[in-house]
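Printed here is start34.cif (mmCIF, C-alpha atoms and all ligand atoms):
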data_upload
#
loop_
_atom_site.label_atom_id
_atom_site.label_comp_id
_atom_site.auth_asym_id
_atom_site.auth_seq_id
_atom_site.Cartn_x
_atom_site.Cartn_y
_atom_site.Cartn_z
CA MET A 19 -32.84 -31.07 -13.67
CA SER A 20 -34.85 -32.74 -16.41
CA GLU A 21 -33.89 -35.85 -18.34
CA THR A 22 -32.98 -33.88 -21.50
CA GLU A 23 -30.86 -31.38 -19.61
CA THR A 24 -28.93 -34.12 -17.86
CA ARG A 25 -28.29 -35.92 -21.10
CA THR A 26 -27.01 -32.74 -22.80
CA HIS A 27 -24.68 -32.30 -19.88
CA ARG A 28 -23.29 -35.82 -20.03
CA THR A 29 -22.94 -35.79 -23.84
CA GLY A 30 -20.96 -32.60 -23.55
CA LYS A 31 -18.58 -34.34 -21.21
CA GLN A 32 -17.86 -37.13 -23.65
CA GLN A 33 -16.40 -35.02 -26.46
CA ASN A 34 -12.85 -35.33 -25.22
CA GLY A 35 -9.60 -37.04 -26.05
CA ASP A 36 -7.74 -33.98 -27.34
CA ALA A 37 -5.07 -31.73 -25.86
CA MET A 38 -7.59 -29.17 -24.63
CA SER A 39 -9.34 -31.04 -21.89
CA GLU A 40 -9.85 -34.12 -19.79
CA THR A 41 -12.66 -36.60 -19.41
CA SER A 42 -15.01 -36.64 -16.47
CA THR A 43 -18.61 -36.42 -15.42
CA VAL A 44 -18.65 -33.30 -13.30
CA GLU A 45 -20.45 -33.75 -10.01
CA ASP A 46 -22.12 -30.37 -9.98
CA VAL A 47 -25.75 -31.48 -10.15
CA PHE A 48 -27.96 -31.10 -7.07
CA ASP A 49 -28.32 -34.39 -5.17
CA ASP A 50 -31.66 -34.50 -3.36
CA THR A 51 -30.96 -37.88 -1.79
CA TYR A 52 -28.67 -36.34 0.87
CA LYS A 53 -30.36 -35.80 4.22
CA GLU A 54 -28.90 -33.71 7.03
CA LYS A 55 -28.17 -35.73 10.15
CA ASP A 56 -30.67 -35.50 13.00
CA GLY A 57 -29.74 -34.24 16.45
CA PRO A 58 -27.81 -31.17 17.61
CA LYS A 59 -25.45 -29.44 15.15
CA PRO A 60 -21.71 -29.76 15.89
CA PRO A 61 -20.34 -26.81 17.93
CA ARG A 62 -19.05 -23.81 15.96
CA MET A 63 -15.25 -23.67 16.20
CA LEU A 64 -13.57 -20.38 15.34
CA VAL A 65 -10.38 -20.35 13.26
CA TRP A 66 -8.55 -17.44 14.89
CA ARG A 67 -5.75 -17.37 12.32
CA ASN A 68 -8.25 -16.61 9.54
CA ILE A 69 -10.17 -14.11 11.69
CA ILE A 70 -6.97 -12.15 12.39
CA LEU A 71 -5.69 -12.31 8.79
CA MET A 72 -9.07 -11.26 7.31
CA SER A 73 -9.32 -8.39 9.82
CA ILE A 74 -5.82 -7.15 8.93
CA LEU A 75 -6.61 -7.46 5.20
CA HIS A 76 -9.81 -5.43 5.49
CA ILE A 77 -8.14 -2.72 7.61
CA GLY A 78 -5.35 -2.56 5.00
CA ALA A 79 -7.95 -2.36 2.21
CA LEU A 80 -9.71 0.48 4.04
CA TYR A 81 -6.40 2.35 4.20
CA GLY A 82 -6.00 1.65 0.45
CA LEU A 83 -9.41 3.28 -0.09
CA ILE A 84 -8.27 6.39 1.81
CA VAL A 85 -5.03 6.81 -0.19
CA ILE A 86 -6.70 6.39 -3.61
CA PRO A 87 -6.58 10.20 -4.24
CA SER A 88 -2.76 10.07 -3.91
CA ALA A 89 -2.39 7.27 -6.48
CA SER A 90 -1.41 8.16 -10.06
CA ALA A 91 -3.83 7.55 -12.95
CA LEU A 92 -1.57 4.77 -14.22
CA THR A 93 -1.68 3.05 -10.83
CA LEU A 94 -5.50 3.19 -10.86
CA ALA A 95 -5.56 1.75 -14.38
CA TRP A 96 -3.17 -0.99 -13.21
CA THR A 97 -5.49 -1.70 -10.27
CA ALA A 98 -8.34 -2.25 -12.74
CA VAL A 99 -6.14 -4.57 -14.83
CA CYS A 100 -5.21 -6.61 -11.71
CA TYR A 101 -8.89 -6.71 -10.71
CA LEU A 102 -9.85 -8.07 -14.11
CA ILE A 103 -7.07 -10.69 -14.29
CA SER A 104 -7.71 -11.98 -10.76
CA ALA A 105 -11.48 -12.01 -11.24
CA LEU A 106 -11.12 -13.94 -14.51
CA GLY A 107 -8.84 -16.43 -12.73
CA VAL A 108 -11.84 -17.18 -10.50
CA THR A 109 -14.79 -16.81 -12.90
CA ALA A 110 -13.42 -18.09 -16.23
CA GLY A 111 -10.87 -20.32 -14.48
CA ALA A 112 -11.70 -21.98 -11.14
CA HIS A 113 -15.46 -21.61 -11.71
CA ARG A 114 -16.56 -22.08 -15.32
CA LEU A 115 -13.59 -24.11 -16.57
CA TRP A 116 -12.37 -26.19 -13.65
CA SER A 117 -15.45 -26.57 -11.40
CA HIS A 118 -18.04 -27.02 -14.14
CA ARG A 119 -16.05 -28.00 -17.27
CA SER A 120 -18.38 -25.76 -19.27
CA TYR A 121 -15.80 -25.21 -22.03
CA LYS A 122 -12.34 -26.42 -23.01
CA ALA A 123 -9.22 -24.29 -22.65
CA SER A 124 -5.83 -24.65 -24.32
CA PHE A 125 -2.62 -24.94 -22.31
CA PRO A 126 -1.59 -21.24 -22.61
CA LEU A 127 -5.08 -20.12 -21.53
CA ARG A 128 -5.04 -22.52 -18.57
CA VAL A 129 -1.66 -21.09 -17.51
CA PHE A 130 -3.05 -17.53 -17.73
CA LEU A 131 -6.15 -18.51 -15.71
CA ALA A 132 -4.05 -20.29 -13.06
CA ILE A 133 -1.89 -17.15 -12.70
CA GLY A 134 -5.05 -15.03 -12.38
CA ASN A 135 -6.32 -17.53 -9.82
CA SER A 136 -3.15 -17.20 -7.71
CA MET A 137 -3.50 -13.41 -8.01
CA ALA A 138 -7.03 -13.76 -6.54
CA PHE A 139 -5.72 -15.88 -3.60
CA GLN A 140 -8.96 -17.77 -2.82
CA ASN A 141 -7.41 -21.23 -2.26
CA ASP A 142 -5.86 -23.16 -5.13
CA VAL A 143 -7.95 -24.27 -8.11
CA TYR A 144 -8.21 -27.88 -6.90
CA GLU A 145 -9.58 -26.91 -3.49
CA TRP A 146 -11.80 -24.15 -4.93
CA ALA A 147 -13.36 -26.50 -7.48
CA ARG A 148 -13.88 -29.25 -4.89
CA ASP A 149 -15.67 -26.84 -2.50
CA HIS A 150 -17.68 -25.45 -5.38
CA ARG A 151 -18.86 -28.82 -6.66
CA VAL A 152 -19.95 -29.69 -3.11
CA HIS A 153 -21.77 -26.33 -3.00
CA HIS A 154 -23.81 -27.22 -6.10
CA LYS A 155 -24.39 -30.85 -5.21
CA TYR A 156 -25.53 -30.22 -1.62
CA SER A 157 -26.74 -26.61 -1.91
CA GLU A 158 -28.23 -25.05 1.26
CA THR A 159 -27.56 -28.06 3.48
CA ASP A 160 -24.95 -28.94 6.13
CA ALA A 161 -22.75 -30.34 3.34
CA ASP A 162 -22.69 -26.97 1.51
CA PRO A 163 -19.46 -25.12 2.53
CA HIS A 164 -21.24 -21.73 2.47
CA ASN A 165 -24.78 -22.86 3.28
CA ALA A 166 -26.83 -19.67 2.81
CA THR A 167 -29.58 -20.87 5.16
CA ARG A 168 -27.10 -19.99 7.95
CA GLY A 169 -27.47 -16.31 7.02
CA PHE A 170 -25.74 -13.60 4.98
CA PHE A 171 -22.61 -13.32 7.14
CA PHE A 172 -21.91 -17.06 7.17
CA ALA A 173 -22.45 -17.43 3.39
CA HIS A 174 -20.32 -14.33 2.72
CA ILE A 175 -17.19 -14.65 4.88
CA GLY A 176 -18.19 -16.50 8.06
CA TRP A 177 -17.69 -19.93 6.48
CA LEU A 178 -13.97 -19.14 6.14
CA LEU A 179 -13.66 -18.14 9.78
CA VAL A 180 -14.96 -21.38 11.35
CA ARG A 181 -14.11 -25.05 10.99
CA LYS A 182 -16.01 -26.79 8.17
CA HIS A 183 -19.09 -28.83 9.04
CA PRO A 184 -18.03 -32.53 9.06
CA ASP A 185 -20.47 -33.27 6.21
CA VAL A 186 -18.69 -30.76 3.93
CA ILE A 187 -15.43 -32.63 4.49
CA GLU A 188 -17.01 -36.06 4.14
CA LYS A 189 -18.90 -35.23 0.93
CA GLY A 190 -15.91 -33.34 -0.49
CA ARG A 191 -13.72 -36.45 -0.06
CA LYS A 192 -16.23 -38.59 -1.96
CA LEU A 193 -16.38 -36.32 -5.02
CA ASP A 194 -14.77 -37.46 -8.24
CA LEU A 195 -11.93 -35.01 -8.89
CA ALA A 196 -9.97 -37.18 -11.34
CA ASP A 197 -10.28 -34.53 -14.07
CA LEU A 198 -8.55 -31.97 -11.83
CA ARG A 199 -5.79 -34.38 -10.83
CA ALA A 200 -5.18 -35.12 -14.53
CA ASP A 201 -4.68 -31.42 -15.34
CA LYS A 202 -0.97 -30.61 -15.06
CA VAL A 203 -1.63 -26.88 -14.74
CA VAL A 204 -3.98 -27.41 -11.77
CA MET A 205 -1.55 -29.73 -9.99
CA PHE A 206 1.46 -27.46 -10.67
CA GLN A 207 -0.41 -24.48 -9.20
CA ARG A 208 -1.38 -26.60 -6.17
CA ARG A 209 2.22 -27.69 -5.57
CA HIS A 210 3.58 -24.15 -5.79
CA TYR A 211 0.52 -22.34 -4.47
CA LYS A 212 2.09 -20.30 -1.64
CA LEU A 213 4.95 -19.03 -3.78
CA SER A 214 2.57 -18.21 -6.66
CA VAL A 215 0.37 -16.17 -4.30
CA VAL A 216 3.33 -14.20 -2.94
CA ILE A 217 4.43 -13.41 -6.51
CA PHE A 218 1.11 -12.77 -8.26
CA CYS A 219 -1.20 -11.52 -5.50
CA PHE A 220 1.32 -9.26 -3.75
CA LEU A 221 4.71 -8.75 -5.49
CA VAL A 222 3.60 -8.19 -9.11
CA PRO A 223 0.69 -5.78 -8.28
CA THR A 224 3.04 -3.80 -5.98
CA LEU A 225 6.30 -3.80 -7.94
CA VAL A 226 4.97 -3.00 -11.44
CA PRO A 227 3.73 0.56 -10.57
CA TRP A 228 6.83 1.21 -8.44
CA TYR A 229 9.31 0.06 -11.10
CA PHE A 230 7.64 1.31 -14.31
CA TRP A 231 6.18 4.67 -13.32
CA GLY A 232 7.70 5.47 -9.95
CA GLU A 233 4.61 4.98 -7.76
CA SER A 234 5.40 4.91 -4.03
CA LEU A 235 5.80 1.37 -2.70
CA SER A 236 3.23 2.06 -0.01
CA ILE A 237 0.45 3.18 -2.40
CA ALA A 238 1.29 0.35 -4.81
CA TYR A 239 0.99 -2.16 -1.95
CA PHE A 240 -2.26 -0.79 -0.51
CA VAL A 241 -4.21 0.03 -3.72
CA PRO A 242 -3.53 -2.54 -6.51
CA GLY A 243 -2.34 -4.95 -3.82
CA LEU A 244 -4.55 -5.15 -0.71
CA LEU A 245 -7.57 -3.07 -1.80
CA ARG A 246 -7.87 -4.88 -5.14
CA TYR A 247 -7.49 -8.26 -3.39
CA ALA A 248 -10.19 -7.46 -0.82
CA VAL A 249 -12.62 -6.12 -3.44
CA VAL A 250 -12.28 -9.23 -5.63
CA LEU A 251 -12.79 -11.41 -2.54
CA ASN A 252 -15.96 -9.58 -1.55
CA ALA A 253 -17.31 -9.56 -5.11
CA THR A 254 -16.86 -13.35 -5.21
CA TRP A 255 -18.43 -13.79 -1.77
CA LEU A 256 -21.48 -11.75 -2.84
CA VAL A 257 -22.32 -14.59 -5.23
CA ASN A 258 -22.59 -16.94 -2.24
CA SER A 259 -24.37 -14.47 0.03
CA ALA A 260 -26.44 -11.81 -1.83
CA ALA A 261 -27.16 -13.96 -4.91
CA HIS A 262 -28.48 -16.73 -2.64
CA ILE A 263 -30.78 -14.32 -0.76
CA TRP A 264 -31.96 -11.39 -2.94
CA GLY A 265 -33.40 -11.49 -6.47
CA ASN A 266 -35.90 -13.24 -8.73
CA ARG A 267 -36.07 -16.94 -9.53
CA PRO A 268 -37.27 -17.10 -13.15
CA TYR A 269 -35.88 -20.58 -13.83
CA ASP A 270 -36.50 -22.51 -10.62
CA LYS A 271 -38.49 -21.10 -7.72
CA THR A 272 -37.81 -24.20 -5.60
CA ILE A 273 -34.13 -23.31 -5.04
CA ASN A 274 -32.56 -20.41 -3.15
CA PRO A 275 -30.06 -18.99 -5.70
CA ARG A 276 -31.36 -15.84 -7.42
CA GLU A 277 -30.80 -13.46 -10.35
CA ASN A 278 -28.96 -10.47 -8.89
CA PRO A 279 -27.79 -7.86 -11.49
CA MET A 280 -25.67 -5.96 -8.94
CA VAL A 281 -23.71 -9.11 -8.14
CA ALA A 282 -23.49 -9.98 -11.85
CA PHE A 283 -21.85 -6.59 -12.44
CA SER A 284 -19.32 -6.75 -9.57
CA ALA A 285 -18.47 -10.43 -10.10
CA ILE A 286 -18.08 -9.88 -13.88
CA GLY A 287 -21.00 -12.13 -14.87
CA GLU A 288 -21.59 -14.50 -11.96
CA GLY A 289 -24.77 -13.00 -10.49
CA PHE A 290 -27.29 -14.81 -12.72
CA HIS A 291 -27.33 -17.39 -10.01
CA ASN A 292 -30.80 -18.91 -10.34
CA TYR A 293 -29.92 -19.69 -13.97
CA HIS A 294 -26.50 -21.00 -12.97
CA HIS A 295 -27.75 -23.43 -10.32
CA THR A 296 -30.47 -24.58 -12.75
CA PHE A 297 -28.02 -25.11 -15.65
CA PRO A 298 -24.55 -25.37 -14.02
CA PHE A 299 -22.87 -26.62 -17.21
CA ASP A 300 -23.69 -23.50 -19.30
CA TYR A 301 -20.39 -21.67 -20.04
CA SER A 302 -22.12 -18.28 -19.89
CA THR A 303 -23.91 -18.77 -16.51
CA SER A 304 -26.72 -16.70 -18.05
CA GLU A 305 -29.05 -16.66 -21.04
CA PHE A 306 -28.22 -13.03 -21.87
CA GLY A 307 -24.76 -13.29 -23.47
CA TRP A 308 -22.43 -10.37 -22.70
CA LYS A 309 -24.92 -8.40 -20.56
CA PHE A 310 -23.09 -7.68 -17.25
CA ASN A 311 -20.92 -10.63 -18.23
CA ILE A 312 -17.29 -9.75 -19.04
CA THR A 313 -16.37 -13.37 -18.35
CA THR A 314 -18.52 -14.62 -21.23
CA ALA A 315 -17.08 -11.93 -23.52
CA PHE A 316 -13.59 -13.06 -22.47
CA ILE A 317 -14.32 -16.76 -23.15
CA ASP A 318 -15.85 -15.83 -26.54
CA LEU A 319 -12.73 -13.81 -27.36
CA MET A 320 -10.54 -16.79 -26.39
CA CYS A 321 -12.64 -19.01 -28.69
CA SER A 322 -12.19 -16.60 -31.59
CA LEU A 323 -8.41 -16.68 -30.98
CA GLY A 324 -8.44 -20.49 -31.00
CA LEU A 325 -7.49 -20.73 -27.32
CA ALA A 326 -10.83 -22.15 -26.12
CA LYS A 327 -13.61 -24.24 -27.66
CA ASP A 328 -16.66 -26.45 -27.10
CA CYS A 329 -18.62 -23.96 -25.01
CA LYS A 330 -21.71 -25.69 -23.63
CA LYS A 331 -24.94 -23.75 -23.98
CA VAL A 332 -28.52 -24.51 -23.07
CA SER A 333 -30.96 -24.24 -26.00
CA LYS A 334 -33.65 -21.56 -25.93
CA GLU A 335 -36.34 -24.27 -26.01
CA VAL A 336 -35.01 -26.03 -22.91
CA ILE A 337 -34.76 -22.68 -21.09
CA MET A 338 -38.32 -21.71 -22.02
CA ALA A 339 -39.67 -25.13 -21.02
CA ARG A 340 -37.92 -24.83 -17.68
CA ILE A 341 -39.25 -21.30 -17.12
CA GLN A 342 -42.78 -22.57 -17.77
CA ARG A 343 -42.32 -25.60 -15.54
CA THR A 344 -40.53 -24.27 -12.45
CA GLY A 345 -40.05 -20.49 -12.85
CA ASP A 346 -41.49 -17.86 -10.50
CA GLY A 347 -43.07 -15.94 -13.40
CA SER A 348 -40.61 -13.02 -13.25
CA ASN A 349 -38.90 -13.89 -16.55
CA LYS A 350 -38.88 -11.07 -19.11
CA SER A 351 -36.93 -12.71 -21.91
CA GLY A 352 -39.73 -14.64 -23.53
ZN ZN B 1 -24.38 -20.80 -5.46
ZN ZN B 2 -21.03 -22.81 -10.03
#

Taking this structure as input, can you express it in the form of structure tokens?
Amino acid sequence: MSETETRTHRTGKQQNGDAMSETSTVEDVFDDTYKEKDGPKPPRMLVWRNIILMSILHIGALYGLIVIPSASALTLAWTAVCYLISALGVTAGAHRLWSHRSYKASFPLRVFLAIGNSMAFQNDVYEWARDHRVHHKYSETDADPHNATRGFFFAHIGWLLVRKHPDVIEKGRKLDLADLRADKVVMFQRRHYKLSVVIFCFLVPTLVPWYFWGESLSIAYFVPGLLRYAVVLNATWLVNSAAHIWGNRPYDKTINPRENPMVAFSAIGEGFHNYHHTFPFDYSTSEFGWKFNITTAFIDLMCSLGLAKDCKKVSKEVIMARIQRTGDGSNKSG
């Protein structure tokens, strides 16, 4: 990251002191001083509890796929609503707001995003943001929780099925997370995480179709419940796996993350990953606005309603200069 880009980032962090946000310098910039330790890698230790739970979830989701034809149109619409809310809880919430501080959100919006985040059940916001900052800071090394140089499967789901590399834990502990600890919504969700997951990831998606339009409990559990949960999980994981392996690198050809339109579509805007790792503080994670980017449209809508503000954006000149300097020549925007 160039001098100018870093300074823009830091300046953005200093416009605080109001009810909408907290002060911090987010540690999401790649640190090239870290060196992997020499010698043999620590042995891979399987976490059987996660392997069994993930297997059951995906079998349940497969069953949900089979019973889709028996679900009512309202239940399918509800499934889409749950997909959108839980995805936004990850993309607009845990990712763009809490991991990167790329915009400021009011209290009601933070509550909505925390609920969406519990509905997505991908660890609480505090843990998610800590792992994600480590991912940016130590990308593609032993200290990256889903180090994509260990292959597609590890970056996708494998990292959740084995014990973390000791460097991930060590570097995670050293990160400055004071901004997250100062956010009452984040800490409340963390304290009541299990209960919030039971309510928002499983009970609400299942009980709403059953109570309001008489859907069978079984279909309501397997379609908007398990199938929706598994699809959001996999869409998120594709950002770590596919978008670190396949696609162009118009902004920085020296890093692994890539522009992957298919991932951008399924993860509602998070597939412009070469751009995102180059400019992690940009609220849009892309230079193309709403294109394949429902999350950016949502944040813009929240801004127009007065529920969000101070969206950080990289100027066209800085983007073009970066494309010229480190891009792979595939850029079509200029
Ligand atoms: Zn990444
Ligand atoms: Zn990120």

Would you mind listing, for every residue of chain A within 12 Å of ligand ZN 2 (chain B), the two atoms forming the shortest contact and the distance between them in Å to one decimal, using all atoms listed in the file, sorted by chain and ascending residue number, as a Markdown table?
| residue | atom | partner | partner_atom | distance |
| --- | --- | --- | --- | --- |
| A:Val44 | CA | B:ZN2 | ZN | 11.2 |
| A:Glu45 | CA | B:ZN2 | ZN | 11.0 |
| A:Asp46 | CA | B:ZN2 | ZN | 7.6 |
| A:Val47 | CA | B:ZN2 | ZN | 9.9 |
| A:Phe48 | CA | B:ZN2 | ZN | 11.2 |
| A:Val108 | CA | B:ZN2 | ZN | 10.8 |
| A:Thr109 | CA | B:ZN2 | ZN | 9.1 |
| A:Ala110 | CA | B:ZN2 | ZN | 10.9 |
| A:Gly111 | CA | B:ZN2 | ZN | 11.4 |
| A:Ala112 | CA | B:ZN2 | ZN | 9.4 |
| A:His113 | CA | B:ZN2 | ZN | 5.9 |
| A:Arg114 | CA | B:ZN2 | ZN | 7.0 |
| A:Leu115 | CA | B:ZN2 | ZN | 10.0 |
| A:Trp116 | CA | B:ZN2 | ZN | 10.0 |
| A:Ser117 | CA | B:ZN2 | ZN | 6.9 |
| A:His118 | CA | B:ZN2 | ZN | 6.6 |
| A:Arg119 | CA | B:ZN2 | ZN | 10.2 |
| A:Ser120 | CA | B:ZN2 | ZN | 10.1 |
| A:Trp146 | CA | B:ZN2 | ZN | 10.6 |
| A:Ala147 | CA | B:ZN2 | ZN | 8.9 |
| A:Arg148 | CA | B:ZN2 | ZN | 10.9 |
| A:Asp149 | CA | B:ZN2 | ZN | 10.1 |
| A:His150 | CA | B:ZN2 | ZN | 6.3 |
| A:Arg151 | CA | B:ZN2 | ZN | 7.2 |
| A:Val152 | CA | B:ZN2 | ZN | 9.8 |
| A:His153 | CA | B:ZN2 | ZN | 7.9 |
| A:His154 | CA | B:ZN2 | ZN | 6.5 |
| A:Lys155 | CA | B:ZN2 | ZN | 10.0 |
| A:Ser157 | CA | B:ZN2 | ZN | 10.6 |
| A:Thr254 | CA | B:ZN2 | ZN | 11.4 |
| A:Val257 | CA | B:ZN2 | ZN | 9.6 |
| A:Asn258 | CA | B:ZN2 | ZN | 9.9 |
| A:Ala261 | CA | B:ZN2 | ZN | 11.9 |
| A:Pro275 | CA | B:ZN2 | ZN | 10.7 |
| A:Gly287 | CA | B:ZN2 | ZN | 11.7 |
| A:Glu288 | CA | B:ZN2 | ZN | 8.5 |
| A:Gly289 | CA | B:ZN2 | ZN | 10.5 |
| A:Phe290 | CA | B:ZN2 | ZN | 10.5 |
| A:His291 | CA | B:ZN2 | ZN | 8.3 |
| A:Asn292 | CA | B:ZN2 | ZN | 10.5 |
| A:Tyr293 | CA | B:ZN2 | ZN | 10.2 |
| A:His294 | CA | B:ZN2 | ZN | 6.5 |
| A:His295 | CA | B:ZN2 | ZN | 6.8 |
| A:Thr296 | CA | B:ZN2 | ZN | 10.0 |
| A:Phe297 | CA | B:ZN2 | ZN | 9.3 |
| A:Pro298 | CA | B:ZN2 | ZN | 5.9 |
| A:Phe299 | CA | B:ZN2 | ZN | 8.3 |
| A:Asp300 | CA | B:ZN2 | ZN | 9.7 |
| A:Tyr301 | CA | B:ZN2 | ZN | 10.1 |
| A:Ser302 | CA | B:ZN2 | ZN | 10.9 |
| A:Thr303 | CA | B:ZN2 | ZN | 8.2 |
| A:Ser304 | CA | B:ZN2 | ZN | 11.6 |

Using C-alpha atoms, can you write the selected residues to a file as a PDB file, keeping the file's coordinate frame?
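And here is the file that came out, out-v1.pdb:
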ATOM      1  CA  VAL A  44     -18.650 -33.300 -13.300  1.00  0.00           C
ATOM      2  CA  GLU A  45     -20.450 -33.750 -10.010  1.00  0.00           C
ATOM      3  CA  ASP A  46     -22.120 -30.370  -9.980  1.00  0.00           C
ATOM      4  CA  VAL A  47     -25.750 -31.480 -10.150  1.00  0.00           C
ATOM      5  CA  PHE A  48     -27.960 -31.100  -7.070  1.00  0.00           C
ATOM      6  CA  VAL A 108     -11.840 -17.180 -10.500  1.00  0.00           C
ATOM      7  CA  THR A 109     -14.790 -16.810 -12.900  1.00  0.00           C
ATOM      8  CA  ALA A 110     -13.420 -18.090 -16.230  1.00  0.00           C
ATOM      9  CA  GLY A 111     -10.870 -20.320 -14.480  1.00  0.00           C
ATOM     10  CA  ALA A 112     -11.700 -21.980 -11.140  1.00  0.00           C
ATOM     11  CA  HIS A 113     -15.460 -21.610 -11.710  1.00  0.00           C
ATOM     12  CA  ARG A 114     -16.560 -22.080 -15.320  1.00  0.00           C
ATOM     13  CA  LEU A 115     -13.590 -24.110 -16.570  1.00  0.00           C
ATOM     14  CA  TRP A 116     -12.370 -26.190 -13.650  1.00  0.00           C
ATOM     15  CA  SER A 117     -15.450 -26.570 -11.400  1.00  0.00           C
ATOM     16  CA  HIS A 118     -18.040 -27.020 -14.140  1.00  0.00           C
ATOM     17  CA  ARG A 119     -16.050 -28.000 -17.270  1.00  0.00           C
ATOM     18  CA  SER A 120     -18.380 -25.760 -19.270  1.00  0.00           C
ATOM     19  CA  TRP A 146     -11.800 -24.150  -4.930  1.00  0.00           C
ATOM     20  CA  ALA A 147     -13.360 -26.500  -7.480  1.00  0.00           C
ATOM     21  CA  ARG A 148     -13.880 -29.250  -4.890  1.00  0.00           C
ATOM     22  CA  ASP A 149     -15.670 -26.840  -2.500  1.00  0.00           C
ATOM     23  CA  HIS A 150     -17.680 -25.450  -5.380  1.00  0.00           C
ATOM     24  CA  ARG A 151     -18.860 -28.820  -6.660  1.00  0.00           C
ATOM     25  CA  VAL A 152     -19.950 -29.690  -3.110  1.00  0.00           C
ATOM     26  CA  HIS A 153     -21.770 -26.330  -3.000  1.00  0.00           C
ATOM     27  CA  HIS A 154     -23.810 -27.220  -6.100  1.00  0.00           C
ATOM     28  CA  LYS A 155     -24.390 -30.850  -5.210  1.00  0.00           C
ATOM     29  CA  SER A 157     -26.740 -26.610  -1.910  1.00  0.00           C
ATOM     30  CA  THR A 254     -16.860 -13.350  -5.210  1.00  0.00           C
ATOM     31  CA  VAL A 257     -22.320 -14.590  -5.230  1.00  0.00           C
ATOM     32  CA  ASN A 258     -22.590 -16.940  -2.240  1.00  0.00           C
ATOM     33  CA  ALA A 261     -27.160 -13.960  -4.910  1.00  0.00           C
ATOM     34  CA  PRO A 275     -30.060 -18.990  -5.700  1.00  0.00           C
ATOM     35  CA  GLY A 287     -21.000 -12.130 -14.870  1.00  0.00           C
ATOM     36  CA  GLU A 288     -21.590 -14.500 -11.960  1.00  0.00           C
ATOM     37  CA  GLY A 289     -24.770 -13.000 -10.490  1.00  0.00           C
ATOM     38  CA  PHE A 290     -27.290 -14.810 -12.720  1.00  0.00           C
ATOM     39  CA  HIS A 291     -27.330 -17.390 -10.010  1.00  0.00           C
ATOM     40  CA  ASN A 292     -30.800 -18.910 -10.340  1.00  0.00           C
ATOM     41  CA  TYR A 293     -29.920 -19.690 -13.970  1.00  0.00           C
ATOM     42  CA  HIS A 294     -26.500 -21.000 -12.970  1.00  0.00           C
ATOM     43  CA  HIS A 295     -27.750 -23.430 -10.320  1.00  0.00           C
ATOM     44  CA  THR A 296     -30.470 -24.580 -12.750  1.00  0.00           C
ATOM     45  CA  PHE A 297     -28.020 -25.110 -15.650  1.00  0.00           C
ATOM     46  CA  PRO A 298     -24.550 -25.370 -14.020  1.00  0.00           C
ATOM     47  CA  PHE A 299     -22.870 -26.620 -17.210  1.00  0.00           C
ATOM     48  CA  ASP A 300     -23.690 -23.500 -19.300  1.00  0.00           C
ATOM     49  CA  TYR A 301     -20.390 -21.670 -20.040  1.00  0.00           C
ATOM     50  CA  SER A 302     -22.120 -18.280 -19.890  1.00  0.00           C
ATOM     51  CA  THR A 303     -23.910 -18.770 -16.510  1.00  0.00           C
ATOM     52  CA  SER A 304     -26.720 -16.700 -18.050  1.00  0.00           C
TER      53      SER A 304
END

With a distance cut-off of 12 Å and only C-alpha atoms, select the neighbouring residues of Pro60 (chain A), excluding the residue or stretch itself and same-chain residues fewer than 5 positions from it, and output the selection as a list in words.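 These residues fall inside the cut-off: Lys55, Asp160, Val180, Arg181, Lys182, His183, Pro184 and Asp185 of chain A.
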
Given the choices A:Asn278, A:Val85, A:Gly190, A:Ala98, which gets closest to ligand ZN 1 (chain B) if the distance is worked out from all atoms listed in the file? A:Asn278

At a cut-off of 10 Å, using all atoms listed in the file, what residues contact Ala238 (chain A)? Leave out same-chain residues fewer than 2 positions from it and give the result as a list in words.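 The neighbour list is Gly82, Ala89, Ser90, Thr93, Leu94, Trp96, Thr97, Phe220, Leu221, Val222, Pro223, Thr224, Leu225, Val226, Pro227, Trp228, Gly232, Glu233, Ser234, Leu235, Ser236, Phe240, Val241, Pro242, Gly243, Leu244 and Leu245 of chain A.
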
Using all atoms listed in the file, can you tell me which of A:Arg67, A:His174, A:His164, A:Arg246 comes closest to Leu83 (chain A)?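 Result for the nearest residue to Leu83 (chain A): A:Arg246.
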
Enclose region 195-212 of chain A, meaning all of its atoms listed in the file, in a box aligned along x, y and z, pad it by 6 Å on each side, and list the centre and edge lengths in Å to one decimal, as AutoDock Vina command-line options.
--center_x -4.2 --center_y -28.7 --center_z -8.5 --size_x 27.5 --size_y 28.9 --size_z 25.7

I'd like the contact shell of Lys271 (chain A) - 9 Å cut-off, only C-alpha atoms, skipping same-chain residues fewer than 6 positions apart - returned as a PyMOL selection string. chain A and resi 292+344-347

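Going from CA of Asp328 (chain A) to CA of Thr314 (chain A) covers 13.3 Å.
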
Which of A:Ala132, A:Ile341, A:Ala91, A:Ala248 sits closest to Gly107 (chain A) [using only C-alpha atoms]: A:Ala132

Expressed in Å to a single decimal, how great is the separation between CA of Tyr247 (chain A) and CA of Ala315 (chain A)? 22.6 Å

Find the residue from A:Leu71, A:Leu131, A:Leu64, A:Ile263 that sits nearest to ligand ZN 1 (chain B); use all atoms listed in the file when measuring.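 Checking each of A:Leu71, A:Leu131, A:Leu64, A:Ile263 against ligand ZN 1 (chain B), counting all atoms listed in the file, the winner is A:Ile263.
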
Near Val204 (chain A), within 9 Å and counting only C-alpha atoms, which residues show up once chain neighbours fewer than 2 positions away are dropped, as a VMD selection string? chain A and resid 116 128 to 129 132 142 to 144 198 to 202 206 to 209

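Going from CA of Ser104 (chain A) to CA of Gly134 (chain A) covers 4.4 Å.
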
Using only C-alpha atoms, which of the listed residues (A:Ala166, A:Met72, A:Ile337, A:Leu195) sits closest to Glu305 (chain A)?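 Distance minimum relative to Glu305 (chain A) lands on A:Ile337.
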